[in-house]
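Notes follow the structure.
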Amino acid sequence: MWKVMIADDEMYMLEAMEKLINWEKMDCQLVFKAQNGQELIRQLKIEVPDIVITDIKMPLVNGIEVAQYIYEHMLPTKVIILSAYADFEYAQEAIAYDVCGYIIKTSAIEMLPEMIQKAIGKMSKPSEDEKDEDGCSEDILGKLQKYVNAHYTEKLTLAQIAKDIHANGSYLSRLYKMKTGQNLFDSINKMRIEKAKELMLSGYKVYEAAQMVGIDDVSYFSRVFKKYEGCSPREYEKK
């Protein structure tokens, strides 16, 4: 299923998107809701969704800044901007960050399904240019897997991986999703947590295991660990 995150500082809008849109029908799963862009970006560091739907005006971090973060970190995520009619011109500033589309909030519930399908269509069909540039998909995946196995203990970004294996970053992430059914960084984090568990059982402390699998921030490591194991690293040690 396609993973979707939404952000809006108006609770009624979050609830409307969650309850009035038939996510299952579009083969989508709503995995996270945020009331500001800062919460959303914090979650993006833990898991990478396929689609982000964000209000343009929010406290702490606004929708354009969310789009900028996704663009600059080369995340394989399509962004849909929600804006009030008066803010629509302002919303178009996000065009520099490859936003998938804009929707006026008053018609959001009616228009979002169509826009989501548009975003899914773009992710599902790599262009001929991308195919030509990246060559054989199986060859790319082979290179990718070898690279991840060799470098998962380092701080990885999609941009760095794509550069090192000479592939197009956006196509690379979509190809991996299509072939495996998983997001690339979900797979990398799962690998890191499995290795961290081995290290902890061998006597290494939590912060040492975290650093050895490429995660320096212990609180971030704990959130990722709990996501995949259902318990904190400390709780795991006591089992």
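Letters for chains follow the order of the structure tokens (A, B, ...), residue numbers begin at 1 for each chain, and ligand numbers begin at 1 in the order shown.
The list of residues with at least one atom within 12 Å of Glu198 of chain A, based on only C-alpha atoms and without residues fewer than 4 positions apart in the same chain, reads Met191, Arg192, Ile193, Glu194, Ser202, Gly203, Tyr204, Lys205, Val206, Ala209, Ala210, Met212, Val213, Pro233, Tyr236 and Glu237 of chain A.
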Selection near Ile46 of chain A, 8 Å with only C-alpha atoms, sequence-local residues under 6 positions removed, as a PDB file with all heavy atoms, in the first residue's frame:
```pdb
ATOM      1  N   TYR A 220      16.453   9.275  18.558  1.00  0.00           N
ATOM      2  CA  TYR A 220      15.962   8.879  17.235  1.00  0.00           C
ATOM      3  C   TYR A 220      16.081   7.367  17.066  1.00  0.00           C
ATOM      4  O   TYR A 220      15.167   6.700  16.574  1.00  0.00           O
ATOM      5  CB  TYR A 220      16.751   9.615  16.155  1.00  0.00           C
ATOM      6  CG  TYR A 220      16.506   9.124  14.746  1.00  0.00           C
ATOM      7  CD1 TYR A 220      15.237   9.144  14.190  1.00  0.00           C
ATOM      8  CD2 TYR A 220      17.554   8.638  13.965  1.00  0.00           C
ATOM      9  CE1 TYR A 220      15.010   8.687  12.898  1.00  0.00           C
ATOM     10  CE2 TYR A 220      17.337   8.187  12.678  1.00  0.00           C
ATOM     11  CZ  TYR A 220      16.070   8.213  12.148  1.00  0.00           C
ATOM     12  OH  TYR A 220      15.852   7.759  10.875  1.00  0.00           O
ATOM     13  N   ARG A 223      13.281   5.642  18.833  1.00  0.00           N
ATOM     14  CA  ARG A 223      11.993   5.733  18.131  1.00  0.00           C
ATOM     15  C   ARG A 223      11.936   4.735  16.974  1.00  0.00           C
ATOM     16  O   ARG A 223      10.919   4.069  16.763  1.00  0.00           O
ATOM     17  CB  ARG A 223      11.757   7.165  17.619  1.00  0.00           C
ATOM     18  CG  ARG A 223      11.546   8.197  18.708  1.00  0.00           C
ATOM     19  CD  ARG A 223      10.906   9.468  18.171  1.00  0.00           C
ATOM     20  NE  ARG A 223      11.691  10.132  17.148  1.00  0.00           N
ATOM     21  CZ  ARG A 223      12.657  11.018  17.395  1.00  0.00           C
ATOM     22  NH1 ARG A 223      12.964  11.325  18.653  1.00  0.00           N
ATOM     23  NH2 ARG A 223      13.309  11.598  16.412  1.00  0.00           N
ATOM     24  N   VAL A 224      13.046   4.655  16.236  1.00  0.00           N
ATOM     25  CA  VAL A 224      13.096   3.709  15.120  1.00  0.00           C
ATOM     26  C   VAL A 224      13.034   2.273  15.640  1.00  0.00           C
ATOM     27  O   VAL A 224      12.316   1.432  15.092  1.00  0.00           O
ATOM     28  CB  VAL A 224      14.385   3.914  14.289  1.00  0.00           C
ATOM     29  CG1 VAL A 224      14.499   2.848  13.202  1.00  0.00           C
ATOM     30  CG2 VAL A 224      14.392   5.303  13.653  1.00  0.00           C
TER      31      VAL A 224
END
```
Kindly assemble as a tab-separated table a list of the segment 4-47 of chain A residues that lie within 12 Å of segment 55-67 of chain A, each paired with its nearest atom pair and their distance in Å to one decimal, using only C-alpha atoms, sorted first by chain and then by ascending residue number.
```
residue	atom	partner	partner_atom	distance
A:Met5	CA	A:Asp55	CA	11.6
A:Ile6	CA	A:Asp55	CA	8.4
A:Ala7	CA	A:Asp55	CA	6.1
A:Asp8	CA	A:Asp55	CA	5.1
A:Asp9	CA	A:Met58	CA	5.6
A:Glu10	CA	A:Met58	CA	8.8
A:Met11	CA	A:Asp55	CA	11.6
A:Met13	CA	A:Asp55	CA	9.5
A:Leu14	CA	A:Asp55	CA	10.0
A:Met17	CA	A:Asp55	CA	11.8
A:Lys33	CA	A:Asp55	CA	11.8
A:Ala34	CA	A:Met58	CA	10.2
A:Gln35	CA	A:Met58	CA	7.6
A:Asn36	CA	A:Met58	CA	5.3
A:Gly37	CA	A:Val61	CA	4.4
A:Gln38	CA	A:Val61	CA	5.3
A:Glu39	CA	A:Val61	CA	8.7
A:Leu40	CA	A:Val66	CA	7.8
A:Ile41	CA	A:Val66	CA	6.8
A:Arg42	CA	A:Val66	CA	10.6
A:Gln43	CA	A:Val66	CA	11.5
A:Leu44	CA	A:Val66	CA	9.8
```
Close residues, Ile21 of chain A itself excluded, 10 Å, only C-alpha atoms, min 5 positions apart in chain, as a ChimeraX atom specification: /A:15-16,26,109-110,112-113
Next, the residues of the selection above should be written as an mmCIF file, in the first residue's frame with C-alpha atoms.
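This went into out04.cif:
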```cif
data_model
loop_
_atom_site.group_PDB
_atom_site.id
_atom_site.type_symbol
_atom_site.label_atom_id
_atom_site.label_comp_id
_atom_site.auth_asym_id
_atom_site.auth_seq_id
_atom_site.Cartn_x
_atom_site.Cartn_y
_atom_site.Cartn_z
ATOM 1 C CA GLU A 15 -10.303 14.457 10.968
ATOM 2 C CA ALA A 16 -12.131 15.157 7.711
ATOM 3 C CA MET A 26 -6.918 3.937 -3.463
ATOM 4 C CA ILE A 109 -12.196 16.459 0.356
ATOM 5 C CA GLU A 110 -13.734 16.359 -3.132
ATOM 6 C CA LEU A 112 -7.934 15.027 -2.961
ATOM 7 C CA PRO A 113 -8.755 11.533 -4.312
#
```
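Between atom CA of Gly169 of chain A and atom CA of Met115 of chain A the interatomic distance comes to 23.0 Å.
Nearest residue to Met111 of chain A among A:Ile81, A:Asp164, A:Glu138, A:Phe221 is A:Ile81, counting only C-alpha atoms.
The smallest atom-to-atom distance between Ser187 of chain A and any of A:Leu144, A:Leu199, A:Ala159, A:Ala167, using only C-alpha atoms, is found for A:Leu144.
Of the residues in segment 26-229 of chain A, those given strand (DSSP E or B) by DSSP on the backbone are Cys28, Gln29, Leu30, Val31, Phe32, Lys33, Ala34, Ile51, Val52, Ile53, Thr54, Asp55, Lys78, Val79, Ile80, Ile81, Leu82, Ser83, Gly101, Tyr102, Ile103 and Ile104 of chain A.
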Using only C-alpha atoms, which residues sit within 10 Å of Ala162 of chain A once same-chain residues fewer than 3 positions away are excluded, as a CSV table (one decimal) with N, CA, C and O atoms, in the first residue's frame?
```csv
chain,number,residue,atom,x,y,z
A,74,MET,N,16.0,14.9,-1.0
A,74,MET,CA,15.7,14.0,-2.2
A,74,MET,C,14.9,12.8,-1.7
A,74,MET,O,15.1,11.6,-2.1
A,144,LEU,N,22.3,-1.5,-5.9
A,144,LEU,CA,21.8,-0.8,-4.7
A,144,LEU,C,21.9,-1.7,-3.4
A,144,LEU,O,22.3,-1.3,-2.4
A,157,THR,N,22.0,9.1,2.6
A,157,THR,CA,20.9,9.9,2.1
A,157,THR,C,20.6,9.3,0.7
A,157,THR,O,21.5,8.7,0.1
A,158,LEU,N,19.4,9.6,0.2
A,158,LEU,CA,19.1,9.1,-1.2
A,158,LEU,C,20.0,9.7,-2.2
A,158,LEU,O,20.5,9.1,-3.1
A,159,ALA,N,20.4,11.0,-2.0
A,159,ALA,CA,21.2,11.7,-2.9
A,159,ALA,C,22.6,11.0,-3.0
A,159,ALA,O,23.2,10.9,-4.1
A,165,ILE,N,26.1,5.1,-6.9
A,165,ILE,CA,25.8,3.9,-7.8
A,165,ILE,C,25.4,4.4,-9.2
A,165,ILE,O,25.0,3.6,-10.1
A,166,HIS,N,25.5,5.7,-9.4
A,166,HIS,CA,25.3,6.3,-10.8
A,166,HIS,C,23.9,6.1,-11.3
A,166,HIS,O,23.6,5.6,-12.4
A,167,ALA,N,22.9,6.5,-10.4
A,167,ALA,CA,21.5,6.3,-10.8
A,167,ALA,C,20.7,7.5,-10.5
A,167,ALA,O,21.2,8.4,-9.8
A,168,ASN,N,19.5,7.6,-11.0
A,168,ASN,CA,18.6,8.7,-10.8
A,168,ASN,C,17.9,8.5,-9.4
A,168,ASN,O,17.3,7.4,-9.3
A,169,GLY,N,18.1,9.4,-8.5
A,169,GLY,CA,17.5,9.2,-7.1
A,169,GLY,C,16.0,8.9,-7.1
A,169,GLY,O,15.6,8.0,-6.4
A,170,SER,N,15.3,9.8,-7.7
A,170,SER,CA,13.8,9.6,-7.7
A,170,SER,C,13.4,8.3,-8.3
A,170,SER,O,12.6,7.6,-7.7
A,171,TYR,N,14.0,7.9,-9.4
A,171,TYR,CA,13.6,6.7,-10.1
A,171,TYR,C,14.1,5.5,-9.2
A,171,TYR,O,13.4,4.5,-9.1
A,172,LEU,N,15.2,5.6,-8.6
A,172,LEU,CA,15.8,4.6,-7.8
A,172,LEU,C,14.8,4.2,-6.6
A,172,LEU,O,14.5,3.0,-6.4
A,173,SER,N,14.3,5.2,-5.9
A,173,SER,CA,13.4,4.9,-4.8
A,173,SER,C,12.1,4.3,-5.3
A,173,SER,O,11.5,3.4,-4.6
```
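If you look at atom CA of Ile51 of chain A and atom CA of Val31 of chain A, they are 10.3 Å away from each other.
Around Lys177 of chain A, within 10 Å and counting only C-alpha atoms, the residues found are A:Trp2, A:Asp50, A:Pro76, A:Met123, A:Ser124, A:Tyr171, A:Leu172, A:Ser173, A:Arg174, A:Thr180, A:Gly181, A:Gln182, A:Asn183, A:Leu184, once anything fewer than 3 positions away on its own chain is removed.
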